[in-house]
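Below is one structure, written out as structure tokens; comments come after it.
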Amino acid sequence: MNVRVDLDQFLLSIPENVTLVAATKYVGSDEILKLVNHRIFNIGENRVDSFLLKYSQLQNNGIIWHFIGHLQRNKAKLVANKIDFLHSLDSVELAIKLNELRSVPLKCFIEVSINNEENKNGISLENLDHFIEEIKPLKNIQIVGLMMMTLKGSSEEQQYKQFNKLKLLLDEINKKHNLSLKELSMGMSDDYKKAIDAGSTYIRLGRILFSE
Ligand SMILES: *Cc1c(COP(=O)(O)O)cnc(C)c1O
């Protein structure tokens with residue numbers, strides 16, 4: 001896949017207060033460099049091995065590195081001090097590990113299983129309060145907000161409802177835990193418009209940035 005030819009035109013449709021994180025699992029470092037040339041500096045990878053390869057090839061290009069996929073605890077060491085954001089914090093054990101490994105605080109989104117799907121990553125709604133209390137004391141874990149994915153096959157109306165649920169949850173936990181989290185990582189190629197309508201601040205776009 002290649003960066004779409006009308007990328008600049010497409011970027012004009014994204015509101016300025018929304019950060020576009022390019023999900024680059026579909027392409028190699030050469031195409032990522034093209035994104036950088038279009039001033040897309042937020043790059044998201046979802047696998048440790050491909051992240052490490054691309055990081056080694058591209059690290060001095062002003063890129064802000066986002067890890068957006070599930071991160072296994074036993075691989076945390078490999079990426080801990082190379083990434084700028086983790087979008088998928090989903091266990092206390094991972095948080096403790098990263099807290100130990102990091103030399104400066106890591107910006108993290110808590111991945112929430114908003115639909116309480118079984119066998120999916122993310123903190124369930126019922127465990128969220130407890131999770132927040134457990135990670136609060138960790139000095140090198142800086143929670144910036146919440147992250148989610150919608151159910152596959154959702155209608156636009158259902159997408160909006162799910163995104164809005166996360167938005168309301170953010171407000172609720174800010175009150176409950178005396179926090180001021182501001183960021184919502186939500187929206188992918190198929191649903192980012194509804195995510196933006198619901199208040200997303202970080203959209204993670206892959207396929208829509210590229211063409212065959
Ligand atoms: C691939 C990926 C995306 C982007 O998905 P598209 O449907 O290609 O836009 C977003 N978030 C995560 C975690 C991903 O792995």
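Ordering of the structure tokens sets the chain letters (A, B, ...), residue numbers begin anew at 1 in every chain, and ligands are numbered from 1 in the order given.
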Exercise. Once you count only C-alpha atoms and all ligand atoms, which residues end up within 9 Å of ligand 1, and could you hand them over as a VMD selection string?
Worked result: chain A and resid 21 to 26 44 to 47 67 to 70 87 to 88 148 to 149 186 to 192 203 to 209
Exercise. If you run DSSP on the backbone, which residues of range 16-180 of chain A are strand (DSSP E), as a PyMOL selection string?
Worked result: chain A and resi 19-23+42-45+64-67+85-89+106-113+123-124+141-147
Next, dump the selected residues to file, keeping only N, CA, C and O atoms, as a short mmCIF file (atom, residue, chain, number, x, y, z; two decimals), in the first residue's frame.
data_model
loop_
_atom_site.label_atom_id
_atom_site.label_comp_id
_atom_site.auth_asym_id
_atom_site.auth_seq_id
_atom_site.Cartn_x
_atom_site.Cartn_y
_atom_site.Cartn_z
N THR A 19 -5.97 15.06 17.12
CA THR A 19 -4.65 14.56 16.71
C THR A 19 -4.82 13.28 15.88
O THR A 19 -5.48 12.34 16.32
N LEU A 20 -4.24 13.31 14.70
CA LEU A 20 -4.29 12.13 13.85
C LEU A 20 -3.05 11.27 14.12
O LEU A 20 -1.92 11.72 13.94
N VAL A 21 -3.30 10.05 14.59
CA VAL A 21 -2.22 9.08 14.73
C VAL A 21 -2.34 8.12 13.55
O VAL A 21 -3.37 7.48 13.37
N ALA A 22 -1.30 8.06 12.74
CA ALA A 22 -1.34 7.15 11.58
C ALA A 22 -1.01 5.74 12.05
O ALA A 22 0.03 5.50 12.66
N ALA A 23 -1.94 4.82 11.79
CA ALA A 23 -1.70 3.40 12.12
C ALA A 23 -0.98 2.79 10.92
O ALA A 23 -1.57 2.62 9.85
N ASN A 42 2.72 11.85 14.20
CA ASN A 42 2.25 10.87 15.18
C ASN A 42 2.05 9.54 14.49
O ASN A 42 1.14 9.38 13.67
N ILE A 43 2.92 8.59 14.82
CA ILE A 43 2.93 7.29 14.14
C ILE A 43 2.61 6.20 15.15
O ILE A 43 3.22 6.14 16.23
N GLY A 44 1.66 5.34 14.80
CA GLY A 44 1.22 4.29 15.72
C GLY A 44 1.50 2.91 15.17
O GLY A 44 1.09 2.59 14.04
N GLU A 45 2.16 2.09 15.96
CA GLU A 45 2.41 0.70 15.58
C GLU A 45 1.72 -0.21 16.59
O GLU A 45 1.56 0.15 17.76
N ILE A 64 6.68 11.16 16.76
CA ILE A 64 6.14 10.86 18.08
C ILE A 64 5.57 9.45 17.98
O ILE A 64 4.66 9.20 17.17
N TRP A 65 6.12 8.53 18.75
CA TRP A 65 5.77 7.11 18.60
C TRP A 65 4.65 6.71 19.54
O TRP A 65 4.75 6.88 20.76
N HIS A 66 3.61 6.13 18.95
CA HIS A 66 2.47 5.64 19.73
C HIS A 66 2.44 4.12 19.62
O HIS A 66 2.51 3.58 18.51
N PHE A 67 2.30 3.44 20.74
CA PHE A 67 2.06 2.00 20.67
C PHE A 67 0.57 1.80 20.88
O PHE A 67 0.02 2.16 21.93
N PHE A 85 3.72 7.40 23.64
CA PHE A 85 2.35 7.15 24.12
C PHE A 85 2.06 5.65 24.08
O PHE A 85 2.45 4.97 23.13
N LEU A 86 1.32 5.18 25.06
CA LEU A 86 0.75 3.83 25.01
C LEU A 86 -0.77 3.98 25.03
O LEU A 86 -1.32 4.57 25.95
N HIS A 87 -1.42 3.46 23.99
CA HIS A 87 -2.88 3.61 23.91
C HIS A 87 -3.63 2.44 24.54
O HIS A 87 -4.86 2.45 24.57
N SER A 88 -2.91 1.43 24.98
CA SER A 88 -3.55 0.15 25.31
C SER A 88 -3.20 -0.37 26.70
O SER A 88 -3.04 -1.56 26.88
N LEU A 89 -3.08 0.55 27.66
CA LEU A 89 -2.83 0.07 29.01
C LEU A 89 -4.05 -0.71 29.50
O LEU A 89 -5.16 -0.16 29.56
N LEU A 106 5.42 7.90 31.27
CA LEU A 106 4.88 7.48 29.97
C LEU A 106 3.41 7.90 29.88
O LEU A 106 2.62 7.61 30.79
N LYS A 107 3.07 8.60 28.81
CA LYS A 107 1.66 8.99 28.61
C LYS A 107 0.86 7.76 28.18
O LYS A 107 1.20 7.13 27.19
N CYS A 108 -0.18 7.46 28.93
CA CYS A 108 -0.95 6.24 28.68
C CYS A 108 -2.44 6.54 28.58
O CYS A 108 -2.97 7.37 29.31
N PHE A 109 -3.08 5.83 27.68
CA PHE A 109 -4.54 5.74 27.66
C PHE A 109 -4.92 4.41 28.30
O PHE A 109 -4.30 3.39 28.01
N ILE A 110 -5.93 4.43 29.11
CA ILE A 110 -6.48 3.17 29.62
C ILE A 110 -7.43 2.62 28.56
O ILE A 110 -8.37 3.31 28.15
N GLU A 111 -7.15 1.41 28.09
CA GLU A 111 -8.06 0.80 27.12
C GLU A 111 -9.26 0.23 27.88
O GLU A 111 -9.12 -0.56 28.81
N VAL A 112 -10.43 0.68 27.48
CA VAL A 112 -11.66 0.26 28.15
C VAL A 112 -12.46 -0.65 27.23
O VAL A 112 -12.66 -0.36 26.05
N SER A 113 -12.90 -1.74 27.79
CA SER A 113 -13.77 -2.66 27.06
C SER A 113 -15.19 -2.16 27.24
O SER A 113 -15.93 -2.63 28.09
N ILE A 123 -9.90 -2.87 30.02
CA ILE A 123 -10.43 -2.97 31.37
C ILE A 123 -11.95 -2.95 31.29
O ILE A 123 -12.53 -2.12 30.59
N SER A 124 -12.59 -3.85 32.01
CA SER A 124 -14.05 -3.86 32.00
C SER A 124 -14.58 -2.69 32.81
O SER A 124 -13.88 -2.12 33.66
N ILE A 141 3.74 6.41 35.32
CA ILE A 141 2.57 6.15 34.48
C ILE A 141 1.69 7.39 34.53
O ILE A 141 1.10 7.71 35.57
N GLN A 142 1.65 8.11 33.42
CA GLN A 142 0.85 9.33 33.35
C GLN A 142 -0.41 9.06 32.52
O GLN A 142 -0.34 9.04 31.29
N ILE A 143 -1.52 8.86 33.20
CA ILE A 143 -2.76 8.60 32.46
C ILE A 143 -3.24 9.90 31.83
O ILE A 143 -3.37 10.92 32.51
N VAL A 144 -3.47 9.86 30.50
CA VAL A 144 -3.96 11.06 29.81
C VAL A 144 -5.43 10.92 29.42
O VAL A 144 -6.10 11.91 29.14
N GLY A 145 -5.95 9.69 29.38
CA GLY A 145 -7.33 9.52 28.99
C GLY A 145 -7.70 8.07 28.75
O GLY A 145 -7.03 7.16 29.24
N LEU A 146 -8.77 7.88 27.98
CA LEU A 146 -9.31 6.54 27.74
C LEU A 146 -9.28 6.20 26.25
O LEU A 146 -9.33 7.09 25.39
N MET A 147 -9.20 4.91 25.98
CA MET A 147 -9.18 4.42 24.59
C MET A 147 -10.20 3.30 24.42
O MET A 147 -10.48 2.56 25.39
#
Please give the complete set of residues from range 13-96 of chain A that DSSP, run on the backbone, assigns to alpha helix (DSSP H), formatted as a JSON list (two decimals) with N, CA and C atoms, in the first residue's frame.
[["chain", "number", "residue", "atom", "x", "y", "z"],
["A", 29, "SER", "N", 8.83, 1.61, 6.26],
["A", 29, "SER", "CA", 9.40, 2.90, 6.68],
["A", 29, "SER", "C", 9.39, 3.94, 5.57],
["A", 30, "ASP", "N", 9.51, 3.49, 4.31],
["A", 30, "ASP", "CA", 9.52, 4.47, 3.21],
["A", 30, "ASP", "C", 8.20, 5.24, 3.14],
["A", 31, "GLU", "N", 7.10, 4.51, 3.32],
["A", 31, "GLU", "CA", 5.79, 5.19, 3.27],
["A", 31, "GLU", "C", 5.57, 6.04, 4.53],
["A", 32, "ILE", "N", 6.10, 5.58, 5.66],
["A", 32, "ILE", "CA", 5.98, 6.40, 6.88],
["A", 32, "ILE", "C", 6.71, 7.73, 6.69],
["A", 33, "LEU", "N", 7.86, 7.68, 6.02],
["A", 33, "LEU", "CA", 8.58, 8.93, 5.75],
["A", 33, "LEU", "C", 7.76, 9.89, 4.89],
["A", 34, "LYS", "N", 6.99, 9.32, 3.97],
["A", 34, "LYS", "CA", 6.12, 10.17, 3.16],
["A", 34, "LYS", "C", 5.08, 10.86, 4.04],
["A", 35, "LEU", "N", 4.53, 10.10, 5.01],
["A", 35, "LEU", "CA", 3.57, 10.72, 5.95],
["A", 35, "LEU", "C", 4.23, 11.87, 6.69],
["A", 36, "VAL", "N", 5.47, 11.64, 7.14],
["A", 36, "VAL", "CA", 6.20, 12.69, 7.86],
["A", 36, "VAL", "C", 6.36, 13.92, 6.97],
["A", 37, "ASN", "N", 6.60, 13.68, 5.68],
["A", 37, "ASN", "CA", 6.74, 14.81, 4.74],
["A", 37, "ASN", "C", 5.43, 15.57, 4.57],
["A", 48, "VAL", "N", 5.24, -5.30, 18.48],
["A", 48, "VAL", "CA", 6.57, -4.96, 19.00],
["A", 48, "VAL", "C", 7.64, -5.11, 17.92],
["A", 49, "ASP", "N", 7.62, -6.22, 17.18],
["A", 49, "ASP", "CA", 8.69, -6.45, 16.21],
["A", 49, "ASP", "C", 8.71, -5.40, 15.11],
["A", 50, "SER", "N", 7.54, -5.10, 14.54],
["A", 50, "SER", "CA", 7.55, -4.09, 13.47],
["A", 50, "SER", "C", 7.82, -2.69, 14.03],
["A", 51, "PHE", "N", 7.37, -2.43, 15.23],
["A", 51, "PHE", "CA", 7.71, -1.13, 15.85],
["A", 51, "PHE", "C", 9.23, -0.98, 15.96],
["A", 52, "LEU", "N", 9.91, -2.01, 16.46],
["A", 52, "LEU", "CA", 11.35, -1.91, 16.68],
["A", 52, "LEU", "C", 12.11, -1.71, 15.37],
["A", 53, "LEU", "N", 11.67, -2.41, 14.34],
["A", 53, "LEU", "CA", 12.30, -2.25, 13.03],
["A", 53, "LEU", "C", 12.15, -0.82, 12.51],
["A", 54, "LYS", "N", 10.92, -0.32, 12.54],
["A", 54, "LYS", "CA", 10.66, 1.02, 12.01],
["A", 54, "LYS", "C", 11.32, 2.08, 12.88],
["A", 55, "TYR", "N", 11.30, 1.86, 14.18],
["A", 55, "TYR", "CA", 11.95, 2.81, 15.09],
["A", 55, "TYR", "C", 13.44, 2.91, 14.77],
["A", 56, "SER", "N", 14.08, 1.77, 14.53],
["A", 56, "SER", "CA", 15.52, 1.79, 14.25],
["A", 56, "SER", "C", 15.81, 2.50, 12.92],
["A", 57, "GLN", "N", 14.87, 2.42, 12.00],
["A", 57, "GLN", "CA", 15.08, 3.06, 10.69],
["A", 57, "GLN", "C", 14.73, 4.54, 10.68],
["A", 58, "LEU", "N", 13.86, 4.95, 11.58],
["A", 58, "LEU", "CA", 13.25, 6.29, 11.45],
["A", 58, "LEU", "C", 13.40, 7.19, 12.66],
["A", 76, "ALA", "N", 7.44, -5.60, 27.34],
["A", 76, "ALA", "CA", 7.41, -4.18, 27.72],
["A", 76, "ALA", "C", 8.81, -3.57, 27.70],
["A", 77, "LYS", "N", 9.77, -4.37, 28.15],
["A", 77, "LYS", "CA", 11.15, -3.89, 28.25],
["A", 77, "LYS", "C", 11.69, -3.41, 26.90],
["A", 78, "LEU", "N", 11.25, -4.06, 25.83],
["A", 78, "LEU", "CA", 11.78, -3.75, 24.50],
["A", 78, "LEU", "C", 11.35, -2.38, 23.99],
["A", 79, "VAL", "N", 10.20, -1.92, 24.45],
["A", 79, "VAL", "CA", 9.66, -0.67, 23.91],
["A", 79, "VAL", "C", 9.56, 0.46, 24.94],
["A", 92, "VAL", "N", -2.85, -4.02, 35.51],
["A", 92, "VAL", "CA", -2.04, -3.43, 36.59],
["A", 92, "VAL", "C", -0.60, -3.95, 36.47],
["A", 93, "GLU", "N", -0.45, -5.21, 36.12],
["A", 93, "GLU", "CA", 0.88, -5.80, 36.00],
["A", 93, "GLU", "C", 1.72, -5.08, 34.95],
["A", 94, "LEU", "N", 1.09, -4.78, 33.81],
["A", 94, "LEU", "CA", 1.80, -4.05, 32.76],
["A", 94, "LEU", "C", 2.18, -2.66, 33.25],
["A", 95, "ALA", "N", 1.27, -2.00, 33.95],
["A", 95, "ALA", "CA", 1.55, -0.66, 34.47],
["A", 95, "ALA", "C", 2.72, -0.67, 35.46],
["A", 96, "ILE", "N", 2.75, -1.66, 36.33],
["A", 96, "ILE", "CA", 3.83, -1.76, 37.31],
["A", 96, "ILE", "C", 5.17, -1.98, 36.61]]
For this session: Measure the distance from CA of Arg73 in chain A to CA of Lys97 in chain A in Å and round it to one decimal.
Result: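 Pair CA of Arg73 in chain A / CA of Lys97 in chain A returns 7.1 Å.
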